[in-house]
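Participant: Next up is a structure, given as structure tokens.
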Amino acid sequence: VSEPAVVLRRSSLGDVVLAGGITGALGPVIFHTRAAWAEVAARLPGVVEVRPWSLAALPERARLVVDLQASLESARMARRVRGPRRRVDPARLRRHLRVAFKTAPPPTLLSRYAAAAGVVAQPHPWIGIPRTPGPTLLLAPGAAWATKRWPEDRWADLARRWGGPVVLLGGADDRERCETVQRLSGRDLELACEQGFGQTFRALERGAVLVAGDTGLLHLGAACGVPVAGIFGPTHSTDGHWCHPGATVERDDLPCRPCSRFGGTTCPAGDHACLAGLPVERVWQALTAVAGGAP
Ligand code: SF4
């Protein structure tokens, strides 16, 4: 077995998941990340060990150090390990210009990861889970940034239209929002809003399709081979993170998009037209298309 490569990616969940497109080709890999994402990083192909995000946890040497975070902190960590070093192009200027002047987006993050690692990005699925899909609809209505959230009543409408079981996925912070969706739907929905990922992975094993905003759970579902439909608002699917089979739903008639690289707390235009003006029917069409129908 060859000496492991070290991969550095602290956050966020989606960025850690996307590393799964290259870790298989790079393996064996020691992956350094935040404790919150360790459970997910451990499932990425080629990853033999997950270690904390700290200088003290670094191995002395490595076959290759791939810095996918491209921060001052990660640069310092990379320098601490003996071995050749590569660093992802964060494309910060191009991403700023894209938001400010709607210029062309940079290459996808996955392709920039692959270029940094010197490997070819692998086809999906990256995370092997025992998939036994049934008639279950998975909805992830939360998002860390308010402007990335599609209104609760639309999620509830999707749940009402679906004739099979529905699971609402999210982190512990999304519980209140998921409870609101459940109440508005008038249906008995299953809630999987948790600190870790145990319930989430079990739901991904049986889900027919996952609908999510531009969030880490969208990438996680896609990486596990779940058919996904992603809802994009203040960010655009061409901005660099989306690289999956599946459907995207977004308004292409709004000159204000993308207004942000990550999402924000309030809509700069004031009306949140990108998501408040995105009808349920469009998302329904996308989800039934990727699911191959609906019960
Ligand atoms: S409507 Fe336009 S300005 Fe407002 S959040 Fe959406 S993309 Fe941004």
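Residue numbers start at 1 in each chain; chains themselves are named A, B, ... in the order of the structure tokens; ligands are numbered from 1 in the order shown.
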Pick out the residues sitting within 6 Å of A:Gly216, and hand them over as a list in words; count only C-alpha atoms, and ignore anything fewer than 2 positions along from it in its own chain.

Facilitator: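 Using only C-alpha atoms, the neighbours found are Leu13, Gly14, Leu218 and His219 of chain A.
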
Participant: Next, the residues of the selection above should be written as a compact mmCIF listing (two decimals), in the first residue's frame with all heavy atoms.

Facilitator:
```
# COMPACT_ATOMS: atom_id res chain seq x y z
N LEU A 13 -20.11 21.53 4.27
CA LEU A 13 -20.49 20.15 3.97
C LEU A 13 -20.43 19.84 2.46
O LEU A 13 -19.84 18.85 2.05
CB LEU A 13 -21.91 19.87 4.50
CG LEU A 13 -22.50 18.51 4.12
CD1 LEU A 13 -21.64 17.37 4.65
CD2 LEU A 13 -23.93 18.39 4.62
N GLY A 14 -21.02 20.71 1.65
CA GLY A 14 -21.05 20.46 0.20
C GLY A 14 -19.65 20.37 -0.39
O GLY A 14 -19.37 19.52 -1.24
N LEU A 218 -28.00 18.51 -0.68
CA LEU A 218 -28.21 18.26 -2.11
C LEU A 218 -27.00 17.51 -2.68
O LEU A 218 -27.14 16.50 -3.38
CB LEU A 218 -28.39 19.59 -2.85
CG LEU A 218 -28.55 19.50 -4.37
CD1 LEU A 218 -29.87 18.83 -4.74
CD2 LEU A 218 -28.47 20.88 -5.01
N HIS A 219 -25.81 17.99 -2.34
CA HIS A 219 -24.58 17.34 -2.83
C HIS A 219 -24.42 15.95 -2.23
O HIS A 219 -23.98 15.02 -2.91
CB HIS A 219 -23.37 18.20 -2.51
CG HIS A 219 -23.41 19.53 -3.19
ND1 HIS A 219 -23.33 19.68 -4.55
CD2 HIS A 219 -23.56 20.79 -2.70
CE1 HIS A 219 -23.40 20.96 -4.87
NE2 HIS A 219 -23.55 21.65 -3.76
```

Participant: Taking a cut-off of 7 Å and counting only C-alpha atoms and all ligand atoms, can you build a table that, for each residue of chain A near ligand 1, reports the nearest atom pair and how far apart they are in Å (one decimal), sorted by chain then residue number, as a tab-separated table?

Facilitator:
```
residue	atom	partner	partner_atom_place_in_ligand_line	distance
A:Thr147	CA	ligand 1	5 (S)	5.3
A:Gly233	CA	ligand 1	6 (Fe)	5.3
A:Pro234	CA	ligand 1	7 (S)	3.7
A:Thr235	CA	ligand 1	7 (S)	6.8
A:Leu254	CA	ligand 1	2 (Fe)	6.7
A:Cys256	CA	ligand 1	2 (Fe)	4.4
A:Arg257	CA	ligand 1	7 (S)	4.1
A:Pro258	CA	ligand 1	7 (S)	5.2
A:Cys259	CA	ligand 1	8 (Fe)	4.4
A:Ser260	CA	ligand 1	8 (Fe)	6.7
A:Thr266	CA	ligand 1	5 (S)	6.9
A:Cys267	CA	ligand 1	4 (Fe)	3.9
A:Pro268	CA	ligand 1	3 (S)	4.6
A:Ala269	CA	ligand 1	3 (S)	4.4
A:Gly270	CA	ligand 1	4 (Fe)	6.2
A:Asp271	CA	ligand 1	1 (S)	6.0
A:His272	CA	ligand 1	1 (S)	3.9
A:Ala273	CA	ligand 1	1 (S)	4.2
A:Cys274	CA	ligand 1	6 (Fe)	4.2
A:Leu275	CA	ligand 1	6 (Fe)	6.5
```

Participant: For the residues in the current selection, export N, CA, C and O atoms as a compact mmCIF listing (two decimals), in the first residue's frame.

Facilitator:
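Here's the written file selection13.txt:
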```txt
# COMPACT_ATOMS: atom_id res chain seq x y z
N THR A 147 -31.71 33.55 2.17
CA THR A 147 -32.13 33.78 0.78
C THR A 147 -32.09 32.51 -0.05
O THR A 147 -32.60 32.48 -1.18
N GLY A 233 -31.61 29.74 -6.10
CA GLY A 233 -32.16 31.10 -6.05
C GLY A 233 -31.06 32.13 -6.23
O GLY A 233 -30.70 32.50 -7.35
N PRO A 234 -30.48 32.62 -5.12
CA PRO A 234 -29.47 33.68 -5.22
C PRO A 234 -28.15 33.19 -5.83
O PRO A 234 -27.33 33.99 -6.25
N THR A 235 -27.94 31.87 -5.83
CA THR A 235 -26.79 31.30 -6.51
C THR A 235 -27.30 30.63 -7.78
O THR A 235 -28.50 30.36 -7.90
N LEU A 254 -34.19 36.42 -14.40
CA LEU A 254 -33.90 37.48 -13.43
C LEU A 254 -32.48 37.98 -13.58
O LEU A 254 -31.52 37.24 -13.32
N CYS A 256 -30.83 39.82 -11.74
CA CYS A 256 -30.11 39.96 -10.45
C CYS A 256 -29.38 38.68 -10.06
O CYS A 256 -28.51 38.71 -9.17
N ARG A 257 -29.68 37.55 -10.70
CA ARG A 257 -29.02 36.28 -10.34
C ARG A 257 -27.69 36.13 -11.07
O ARG A 257 -27.63 36.44 -12.25
N PRO A 258 -26.66 35.59 -10.44
CA PRO A 258 -26.55 35.33 -9.00
C PRO A 258 -26.22 36.62 -8.25
O PRO A 258 -25.42 37.42 -8.75
N CYS A 259 -26.82 36.81 -7.08
CA CYS A 259 -26.54 38.03 -6.32
C CYS A 259 -25.54 37.77 -5.21
O CYS A 259 -25.20 38.67 -4.45
N SER A 260 -25.12 36.52 -5.09
CA SER A 260 -24.24 36.17 -3.98
C SER A 260 -23.46 34.90 -4.30
O SER A 260 -23.92 34.07 -5.08
N THR A 266 -30.70 38.66 3.61
CA THR A 266 -31.85 39.35 3.01
C THR A 266 -31.62 39.50 1.50
O THR A 266 -30.49 39.54 1.04
N CYS A 267 -32.73 39.63 0.79
CA CYS A 267 -32.66 39.80 -0.67
C CYS A 267 -32.30 41.25 -1.00
O CYS A 267 -33.03 42.16 -0.61
N PRO A 268 -31.21 41.48 -1.72
CA PRO A 268 -30.83 42.86 -2.07
C PRO A 268 -31.91 43.57 -2.89
O PRO A 268 -32.06 44.79 -2.81
N ALA A 269 -32.70 42.83 -3.68
CA ALA A 269 -33.74 43.45 -4.50
C ALA A 269 -35.04 43.66 -3.70
O ALA A 269 -35.92 44.38 -4.14
N GLY A 270 -35.14 43.01 -2.57
CA GLY A 270 -36.29 43.24 -1.70
C GLY A 270 -37.47 42.29 -1.89
O GLY A 270 -38.31 42.17 -1.00
N ASP A 271 -37.56 41.62 -3.04
CA ASP A 271 -38.77 40.80 -3.26
C ASP A 271 -38.48 39.28 -3.27
O ASP A 271 -39.41 38.48 -3.33
N HIS A 272 -37.24 38.90 -3.22
CA HIS A 272 -36.85 37.48 -3.23
C HIS A 272 -37.53 36.72 -4.37
O HIS A 272 -37.97 35.57 -4.21
N ALA A 273 -37.58 37.38 -5.52
CA ALA A 273 -38.31 36.80 -6.66
C ALA A 273 -37.71 35.47 -7.13
O ALA A 273 -38.42 34.63 -7.67
N CYS A 274 -36.41 35.28 -6.91
CA CYS A 274 -35.77 34.05 -7.40
C CYS A 274 -36.40 32.80 -6.80
O CYS A 274 -36.54 31.78 -7.48
N LEU A 275 -36.80 32.88 -5.53
CA LEU A 275 -37.40 31.70 -4.90
C LEU A 275 -38.88 31.93 -4.56
O LEU A 275 -39.71 31.04 -4.79
```

Participant: Can you tell me, as a compact mmCIF listing (two decimals) with N, CA and C atoms, in the first residue's frame, which residues in stretch 141-286 of chain A count as strand (DSSP E or B) by DSSP?

Facilitator:
```txt
# COMPACT_ATOMS: atom_id res chain seq x y z
N VAL A 166 -43.09 10.58 3.07
CA VAL A 166 -42.23 11.76 2.88
C VAL A 166 -41.35 11.92 4.12
N VAL A 167 -40.05 12.10 3.90
CA VAL A 167 -39.12 12.36 5.01
C VAL A 167 -38.56 13.77 4.84
N LEU A 168 -38.58 14.55 5.94
CA LEU A 168 -37.98 15.88 5.92
C LEU A 168 -36.59 15.78 6.53
N LEU A 169 -35.58 16.12 5.75
CA LEU A 169 -34.19 16.00 6.19
C LEU A 169 -33.62 17.36 6.56
N GLY A 170 -32.72 17.35 7.52
CA GLY A 170 -32.04 18.61 7.85
C GLY A 170 -31.14 18.43 9.05
N GLY A 171 -30.48 19.51 9.43
CA GLY A 171 -29.68 19.51 10.64
C GLY A 171 -30.59 19.86 11.83
N GLU A 190 -42.28 12.18 8.23
CA GLU A 190 -41.19 11.76 9.11
C GLU A 190 -40.13 12.86 9.15
N LEU A 191 -39.70 13.20 10.36
CA LEU A 191 -38.67 14.23 10.49
C LEU A 191 -37.32 13.60 10.81
N ALA A 192 -36.30 13.93 10.04
CA ALA A 192 -34.94 13.46 10.33
C ALA A 192 -34.04 14.70 10.40
N CYS A 193 -34.23 15.48 11.47
CA CYS A 193 -33.43 16.69 11.67
C CYS A 193 -32.47 16.37 12.82
N GLU A 194 -31.21 16.22 12.51
CA GLU A 194 -30.29 15.67 13.50
C GLU A 194 -28.94 16.35 13.47
N GLY A 207 -34.75 6.54 -0.28
CA GLY A 207 -35.46 7.60 -0.99
C GLY A 207 -35.52 7.39 -2.50
N ALA A 208 -36.68 7.68 -3.08
CA ALA A 208 -36.82 7.61 -4.53
C ALA A 208 -36.18 8.83 -5.17
N VAL A 209 -36.27 9.97 -4.48
CA VAL A 209 -35.78 11.22 -5.03
C VAL A 209 -35.60 12.20 -3.87
N LEU A 210 -34.61 13.07 -4.01
CA LEU A 210 -34.36 14.12 -3.01
C LEU A 210 -34.54 15.48 -3.66
N VAL A 211 -35.32 16.34 -2.99
CA VAL A 211 -35.43 17.73 -3.43
C VAL A 211 -34.78 18.59 -2.35
N ALA A 212 -33.88 19.47 -2.76
CA ALA A 212 -33.17 20.31 -1.79
C ALA A 212 -32.79 21.61 -2.45
N GLY A 213 -32.53 22.62 -1.63
CA GLY A 213 -31.98 23.86 -2.15
C GLY A 213 -30.50 23.65 -2.45
N VAL A 228 -31.68 13.52 -7.74
CA VAL A 228 -31.89 14.79 -7.02
C VAL A 228 -32.46 15.87 -7.94
N ALA A 229 -33.23 16.76 -7.31
CA ALA A 229 -33.68 17.99 -7.97
C ALA A 229 -33.25 19.14 -7.07
N GLY A 230 -32.43 20.03 -7.60
CA GLY A 230 -31.89 21.14 -6.80
C GLY A 230 -32.58 22.45 -7.15
N ILE A 231 -32.96 23.19 -6.11
CA ILE A 231 -33.64 24.47 -6.30
C ILE A 231 -32.64 25.60 -6.05
N ALA A 247 -31.73 17.12 -11.84
CA ALA A 247 -32.38 18.31 -12.41
C ALA A 247 -32.10 19.54 -11.55
N THR A 248 -32.04 20.68 -12.20
CA THR A 248 -31.99 21.94 -11.46
C THR A 248 -33.24 22.74 -11.81
N VAL A 249 -33.73 23.47 -10.82
CA VAL A 249 -34.90 24.32 -11.03
C VAL A 249 -34.51 25.73 -10.62
```

Participant: Please compute the atom CA of A:Arg80-atom CA of A:Trp53 distance, one decimal, in Å.

Facilitator: 12.9 Å

Participant: Give me, as a PyMOL selection string, all polymer residues having an atom no more than 8 Å from A:Arg95, counting only C-alpha atoms and skipping those fewer than 3 positions away in the same chain.

Facilitator: chain A and resi 91-92+98-99+105-106+239+261

Participant: Residues as selected, all heavy atoms, written as a compact mmCIF listing (two decimals), in the first residue's frame, can you do that?

Facilitator:
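Final file, result.txt:
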```txt
# COMPACT_ATOMS: atom_id res chain seq x y z
N ALA A 91 -10.54 30.53 -7.28
CA ALA A 91 -11.23 31.34 -8.29
C ALA A 91 -11.98 32.51 -7.67
O ALA A 91 -13.07 32.87 -8.11
CB ALA A 91 -12.18 30.45 -9.12
N ARG A 92 -11.40 33.11 -6.63
CA ARG A 92 -12.13 34.16 -5.89
C ARG A 92 -12.48 35.35 -6.76
O ARG A 92 -13.60 35.84 -6.72
CB ARG A 92 -11.30 34.62 -4.67
CG ARG A 92 -11.26 33.56 -3.59
CD ARG A 92 -10.80 34.08 -2.24
NE ARG A 92 -10.72 32.94 -1.33
CZ ARG A 92 -9.60 32.25 -1.07
NH1 ARG A 92 -8.45 32.61 -1.60
NH2 ARG A 92 -9.62 31.22 -0.26
N ARG A 98 -18.33 37.42 -11.25
CA ARG A 98 -19.56 36.75 -11.67
C ARG A 98 -20.77 37.37 -10.95
O ARG A 98 -21.78 37.67 -11.56
CB ARG A 98 -19.42 35.26 -11.32
CG ARG A 98 -20.70 34.46 -11.38
CD ARG A 98 -21.01 34.03 -12.77
NE ARG A 98 -22.15 33.16 -12.82
CZ ARG A 98 -23.07 33.21 -13.78
NH1 ARG A 98 -22.97 34.08 -14.75
NH2 ARG A 98 -24.08 32.38 -13.78
N VAL A 99 -20.62 37.57 -9.63
CA VAL A 99 -21.73 38.14 -8.85
C VAL A 99 -21.91 39.62 -9.18
O VAL A 99 -23.03 40.09 -9.40
CB VAL A 99 -21.48 37.94 -7.33
CG1 VAL A 99 -22.46 38.76 -6.51
CG2 VAL A 99 -21.56 36.46 -6.98
N PRO A 105 -19.07 32.16 -15.39
CA PRO A 105 -18.65 31.51 -14.14
C PRO A 105 -17.30 30.82 -14.30
O PRO A 105 -16.89 30.51 -15.42
CB PRO A 105 -19.76 30.48 -13.89
CG PRO A 105 -20.35 30.20 -15.23
CD PRO A 105 -20.20 31.47 -16.02
N PRO A 106 -16.61 30.56 -13.18
CA PRO A 106 -15.35 29.80 -13.26
C PRO A 106 -15.66 28.34 -13.55
O PRO A 106 -16.81 27.92 -13.47
CB PRO A 106 -14.77 29.97 -11.85
CG PRO A 106 -15.94 30.20 -10.97
CD PRO A 106 -16.97 30.91 -11.80
N ASP A 239 -22.65 28.18 -11.30
CA ASP A 239 -21.61 28.93 -10.59
C ASP A 239 -20.45 28.11 -10.07
O ASP A 239 -19.50 28.66 -9.52
CB ASP A 239 -22.22 29.71 -9.41
CG ASP A 239 -22.99 30.92 -9.89
OD1 ASP A 239 -22.90 31.23 -11.08
OD2 ASP A 239 -23.69 31.55 -9.08
N ARG A 261 -22.31 34.76 -3.66
CA ARG A 261 -21.54 33.53 -3.86
C ARG A 261 -22.06 32.40 -2.99
O ARG A 261 -21.95 31.24 -3.33
CB ARG A 261 -20.06 33.77 -3.53
CG ARG A 261 -19.37 34.62 -4.59
CD ARG A 261 -17.89 34.70 -4.34
NE ARG A 261 -17.60 35.32 -3.05
CZ ARG A 261 -16.51 35.07 -2.33
NH1 ARG A 261 -15.62 34.21 -2.75
NH2 ARG A 261 -16.32 35.69 -1.19
```

Participant: Find the residues near A:Thr180: any atom within 9 Å, counting only C-alpha atoms, skip ones fewer than 5 places away on the same chain, and give them as a list in words.

Facilitator: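 Near A:Thr180, the qualifying residues are Glu152, Asp153, Ala156, Arg175 and Ser185 of chain A.
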
Participant: Please list as an mmCIF file with N, CA and C atoms, in the first residue's frame every residue within 6 Å of stretch 3-10 of chain A, counting only C-alpha atoms and excluding residues in the same chain fewer than 5 positions away.

Facilitator:
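The resulting file, around.cif, is shown below:
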```cif
data_model
loop_
_atom_site.group_PDB
_atom_site.id
_atom_site.type_symbol
_atom_site.label_atom_id
_atom_site.label_comp_id
_atom_site.auth_asym_id
_atom_site.auth_seq_id
_atom_site.Cartn_x
_atom_site.Cartn_y
_atom_site.Cartn_z
ATOM 1 N N PRO A 28 -4.642 5.857 -1.142
ATOM 2 C CA PRO A 28 -5.286 6.104 0.153
ATOM 3 C C PRO A 28 -5.106 7.555 0.618
ATOM 4 N N VAL A 29 -6.143 8.042 1.325
ATOM 5 C CA VAL A 29 -6.190 9.456 1.709
ATOM 6 C C VAL A 29 -6.424 9.595 3.215
ATOM 7 N N ILE A 30 -5.656 10.486 3.834
ATOM 8 C CA ILE A 30 -5.982 10.960 5.187
ATOM 9 C C ILE A 30 -6.675 12.299 5.001
ATOM 10 N N PHE A 31 -7.918 12.417 5.473
ATOM 11 C CA PHE A 31 -8.734 13.597 5.213
ATOM 12 C C PHE A 31 -8.842 14.418 6.494
ATOM 13 N N HIS A 32 -8.434 15.676 6.412
ATOM 14 C CA HIS A 32 -8.564 16.568 7.570
ATOM 15 C C HIS A 32 -9.755 17.490 7.366
ATOM 16 N N THR A 33 -10.674 17.500 8.351
ATOM 17 C CA THR A 33 -11.847 18.367 8.254
ATOM 18 C C THR A 33 -12.383 18.673 9.646
ATOM 19 N N ARG A 34 -13.443 19.487 9.701
ATOM 20 C CA ARG A 34 -14.125 19.788 10.975
ATOM 21 C C ARG A 34 -14.784 18.516 11.509
ATOM 22 N N ALA A 62 3.776 12.895 3.727
ATOM 23 C CA ALA A 62 2.702 12.337 2.903
ATOM 24 C C ALA A 62 3.188 12.208 1.469
ATOM 25 N N ARG A 63 2.549 11.312 0.709
ATOM 26 C CA ARG A 63 2.894 11.146 -0.701
ATOM 27 C C ARG A 63 2.597 12.440 -1.456
ATOM 28 N N LEU A 64 1.511 13.111 -1.041
ATOM 29 C CA LEU A 64 1.071 14.363 -1.670
ATOM 30 C C LEU A 64 0.155 15.064 -0.680
ATOM 31 N N VAL A 65 0.237 16.381 -0.598
ATOM 32 C CA VAL A 65 -0.692 17.149 0.238
ATOM 33 C C VAL A 65 -1.549 17.983 -0.707
ATOM 34 N N VAL A 66 -2.869 17.770 -0.668
ATOM 35 C CA VAL A 66 -3.766 18.513 -1.547
ATOM 36 C C VAL A 66 -4.607 19.453 -0.690
ATOM 37 N N ASP A 67 -4.356 20.735 -0.845
ATOM 38 C CA ASP A 67 -5.075 21.748 -0.066
ATOM 39 C C ASP A 67 -6.298 22.191 -0.865
ATOM 40 N N LEU A 68 -7.466 21.681 -0.486
ATOM 41 C CA LEU A 68 -8.702 22.036 -1.191
ATOM 42 C C LEU A 68 -9.399 23.225 -0.532
ATOM 43 N N GLN A 69 -8.856 23.707 0.581
ATOM 44 C CA GLN A 69 -9.487 24.817 1.298
ATOM 45 C C GLN A 69 -8.955 26.160 0.789
#
```

Participant: Find the residues around A:Ala115 up to 12 Å (only C-alpha atoms counted), leave out those fewer than 4 positions away in its own chain, and share them as a PyMOL selection string.

Facilitator: chain A and resi 21-22+26+66-68+86-90+107-111+119-121

Participant: Output all heavy atoms for every residue in the selection just made, as a CSV table (one decimal), in the first residue's frame.

Facilitator:
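Listed below is the output, result_26.csv:
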```csv
chain,number,residue,atom,x,y,z
A,21,GLY,N,-15.4,13.3,-5.3
A,21,GLY,CA,-15.1,13.1,-6.8
A,21,GLY,C,-13.7,12.8,-7.1
A,21,GLY,O,-13.4,12.4,-8.2
A,22,ILE,N,-12.8,13.1,-6.2
A,22,ILE,CA,-11.3,12.9,-6.5
A,22,ILE,C,-10.6,12.0,-5.5
A,22,ILE,O,-9.5,11.5,-5.8
A,22,ILE,CB,-10.6,14.2,-6.6
A,22,ILE,CG1,-10.6,15.0,-5.2
A,22,ILE,CG2,-11.1,15.1,-7.7
A,22,ILE,CD1,-9.5,15.9,-5.0
A,26,LEU,N,-7.2,9.3,-5.8
A,26,LEU,CA,-6.1,9.8,-5.0
A,26,LEU,C,-5.6,8.9,-3.9
A,26,LEU,O,-4.5,9.0,-3.4
A,26,LEU,CB,-6.5,11.2,-4.4
A,26,LEU,CG,-5.4,12.2,-4.0
A,26,LEU,CD1,-4.5,12.5,-5.2
A,26,LEU,CD2,-6.1,13.5,-3.5
A,66,VAL,N,-2.9,17.8,-0.7
A,66,VAL,CA,-3.8,18.5,-1.5
A,66,VAL,C,-4.6,19.5,-0.7
A,66,VAL,O,-5.5,19.0,0.1
A,66,VAL,CB,-4.7,17.6,-2.4
A,66,VAL,CG1,-5.4,18.4,-3.4
A,66,VAL,CG2,-3.8,16.5,-3.0
A,67,ASP,N,-4.4,20.7,-0.8
A,67,ASP,CA,-5.1,21.7,-0.1
A,67,ASP,C,-6.3,22.2,-0.9
A,67,ASP,O,-6.2,23.0,-1.8
A,67,ASP,CB,-4.1,22.9,0.2
A,67,ASP,CG,-4.8,24.1,0.9
A,67,ASP,OD1,-6.0,23.9,1.3
A,67,ASP,OD2,-4.1,25.1,1.1
A,68,LEU,N,-7.5,21.7,-0.5
A,68,LEU,CA,-8.7,22.0,-1.2
A,68,LEU,C,-9.4,23.2,-0.5
A,68,LEU,O,-10.4,23.7,-1.0
A,68,LEU,CB,-9.7,20.8,-1.2
A,68,LEU,CG,-9.2,19.6,-1.9
A,68,LEU,CD1,-10.3,18.5,-1.9
A,68,LEU,CD2,-8.8,19.9,-3.4
A,86,ARG,N,0.0,20.5,-3.4
A,86,ARG,CA,-0.9,21.1,-4.5
A,86,ARG,C,-2.0,21.9,-3.8
A,86,ARG,O,-2.4,21.5,-2.7
A,86,ARG,CB,-1.4,20.0,-5.4
A,86,ARG,CG,-0.4,19.1,-6.0
A,86,ARG,CD,0.4,19.7,-7.1
A,86,ARG,NE,-0.4,20.0,-8.3
A,86,ARG,CZ,-0.6,19.2,-9.3
A,86,ARG,NH1,-0.1,18.0,-9.3
A,86,ARG,NH2,-1.4,19.5,-10.3
A,87,ARG,N,-2.5,22.9,-4.5
A,87,ARG,CA,-3.5,23.7,-3.9
A,87,ARG,C,-4.6,24.1,-4.9
A,87,ARG,O,-4.3,24.4,-6.1
A,87,ARG,CB,-2.9,25.0,-3.4
A,87,ARG,CG,-3.7,26.1,-2.8
A,87,ARG,CD,-2.8,27.3,-2.5
A,87,ARG,NE,-3.5,28.5,-2.3
A,87,ARG,CZ,-3.7,29.0,-1.1
A,87,ARG,NH1,-3.3,28.5,0.0
A,87,ARG,NH2,-4.4,30.2,-1.0
A,88,VAL,N,-5.9,24.0,-4.5
A,88,VAL,CA,-7.0,24.3,-5.4
A,88,VAL,C,-7.0,25.7,-5.8
A,88,VAL,O,-6.6,26.6,-5.0
A,88,VAL,CB,-8.3,23.8,-4.8
A,88,VAL,CG1,-8.8,24.8,-3.7
A,88,VAL,CG2,-9.4,23.8,-5.9
A,89,ASP,N,-7.4,26.1,-7.0
A,89,ASP,CA,-7.6,27.5,-7.4
A,89,ASP,C,-9.0,27.9,-6.9
A,89,ASP,O,-10.0,27.4,-7.3
A,89,ASP,CB,-7.6,27.6,-8.9
A,89,ASP,CG,-8.0,28.9,-9.4
A,89,ASP,OD1,-8.1,29.9,-8.6
A,89,ASP,OD2,-8.2,29.1,-10.6
A,90,PRO,N,-9.0,28.8,-5.9
A,90,PRO,CA,-10.3,29.1,-5.3
A,90,PRO,C,-11.1,30.0,-6.2
A,90,PRO,O,-12.3,30.3,-6.0
A,90,PRO,CB,-9.9,29.9,-4.0
A,90,PRO,CG,-8.6,30.4,-4.2
A,90,PRO,CD,-7.9,29.4,-5.2
A,107,PRO,N,-14.6,27.5,-13.9
A,107,PRO,CA,-14.9,26.1,-14.0
A,107,PRO,C,-15.4,25.5,-12.7
A,107,PRO,O,-15.3,26.1,-11.7
A,107,PRO,CB,-13.4,25.5,-14.3
A,107,PRO,CG,-12.6,26.7,-14.7
A,107,PRO,CD,-13.2,27.9,-14.1
A,108,THR,N,-16.1,24.4,-12.8
A,108,THR,CA,-16.7,23.8,-11.6
A,108,THR,C,-15.7,23.5,-10.5
A,108,THR,O,-14.5,23.3,-10.8
A,108,THR,CB,-17.4,22.5,-11.9
A,108,THR,OG1,-16.4,21.5,-12.3
A,108,THR,CG2,-18.5,22.6,-13.0
A,109,LEU,N,-16.2,23.5,-9.3
A,109,LEU,CA,-15.3,23.3,-8.2
A,109,LEU,C,-14.7,21.9,-8.3
A,109,LEU,O,-13.5,21.7,-8.0
A,109,LEU,CB,-16.0,23.4,-6.8
A,109,LEU,CG,-15.2,23.2,-5.6
A,109,LEU,CD1,-14.1,24.2,-5.5
A,109,LEU,CD2,-16.1,23.3,-4.3
A,110,LEU,N,-15.5,20.9,-8.8
A,110,LEU,CA,-15.0,19.6,-8.9
A,110,LEU,C,-13.8,19.5,-9.9
A,110,LEU,O,-12.8,18.9,-9.7
A,110,LEU,CB,-16.1,18.6,-9.4
A,110,LEU,CG,-15.7,17.2,-9.6
A,110,LEU,CD1,-15.1,16.5,-8.3
A,110,LEU,CD2,-16.8,16.4,-10.1
A,111,SER,N,-13.9,20.2,-11.0
A,111,SER,CA,-12.8,20.2,-12.0
A,111,SER,C,-11.6,20.9,-11.4
A,111,SER,O,-10.5,20.6,-11.7
A,111,SER,CB,-13.3,20.8,-13.3
A,111,SER,OG,-13.5,22.2,-13.2
A,119,VAL,N,-5.7,14.4,-10.9
A,119,VAL,CA,-6.4,13.2,-11.2
A,119,VAL,C,-7.7,13.5,-12.0
A,119,VAL,O,-8.0,14.7,-12.2
A,119,VAL,CB,-6.9,12.4,-9.9
A,119,VAL,CG1,-5.7,12.1,-9.0
A,119,VAL,CG2,-7.9,13.3,-9.1
A,120,VAL,N,-8.3,12.5,-12.5
A,120,VAL,CA,-9.5,12.7,-13.3
A,120,VAL,C,-10.7,12.5,-12.3
A,120,VAL,O,-10.7,11.6,-11.5
A,120,VAL,CB,-9.6,11.6,-14.4
A,120,VAL,CG1,-11.0,11.7,-15.2
A,120,VAL,CG2,-8.5,11.8,-15.4
A,121,ALA,N,-11.7,13.4,-12.4
A,121,ALA,CA,-12.9,13.3,-11.5
A,121,ALA,C,-13.6,12.1,-11.8
A,121,ALA,O,-13.8,11.7,-13.0
A,121,ALA,CB,-13.7,14.6,-11.7
```

Participant: So which one's closest to A:Arg61, A:Glu49, A:Gly83, A:Ala75, A:Pro245? Using only C-alpha atoms, please.

Facilitator: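 Closest to A:Arg61, using only C-alpha atoms: A:Gly83.
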
Participant: Nearest residue to A:Pro135 out of A:Ala294, A:Val81, A:Leu184, A:Leu217, using only C-alpha atoms?

Facilitator: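 Comparing A:Ala294, A:Val81, A:Leu184, A:Leu217 against A:Pro135, the winner is A:Ala294.
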
Participant: Compare A:Arg177, A:Lys148, A:Lys102, A:Arg112 by their minimum atom-to-atom distance to A:Pro255, counting only C-alpha atoms, and give me the closest one.

Facilitator: A:Lys102

Participant: I need the residues of stretch 26-209 of chain A that end up classed as alpha helix (DSSP H) by DSSP on the backbone, written out as a ChimeraX atom specification.

Facilitator: /A:26,38-41,72-80,92-101,109-117,152-161,175-185,198-206

Participant: One number please: atom CA of A:Val47 to atom CA of A:Asp214, in Å, one decimal.

Facilitator: 25.3 Å
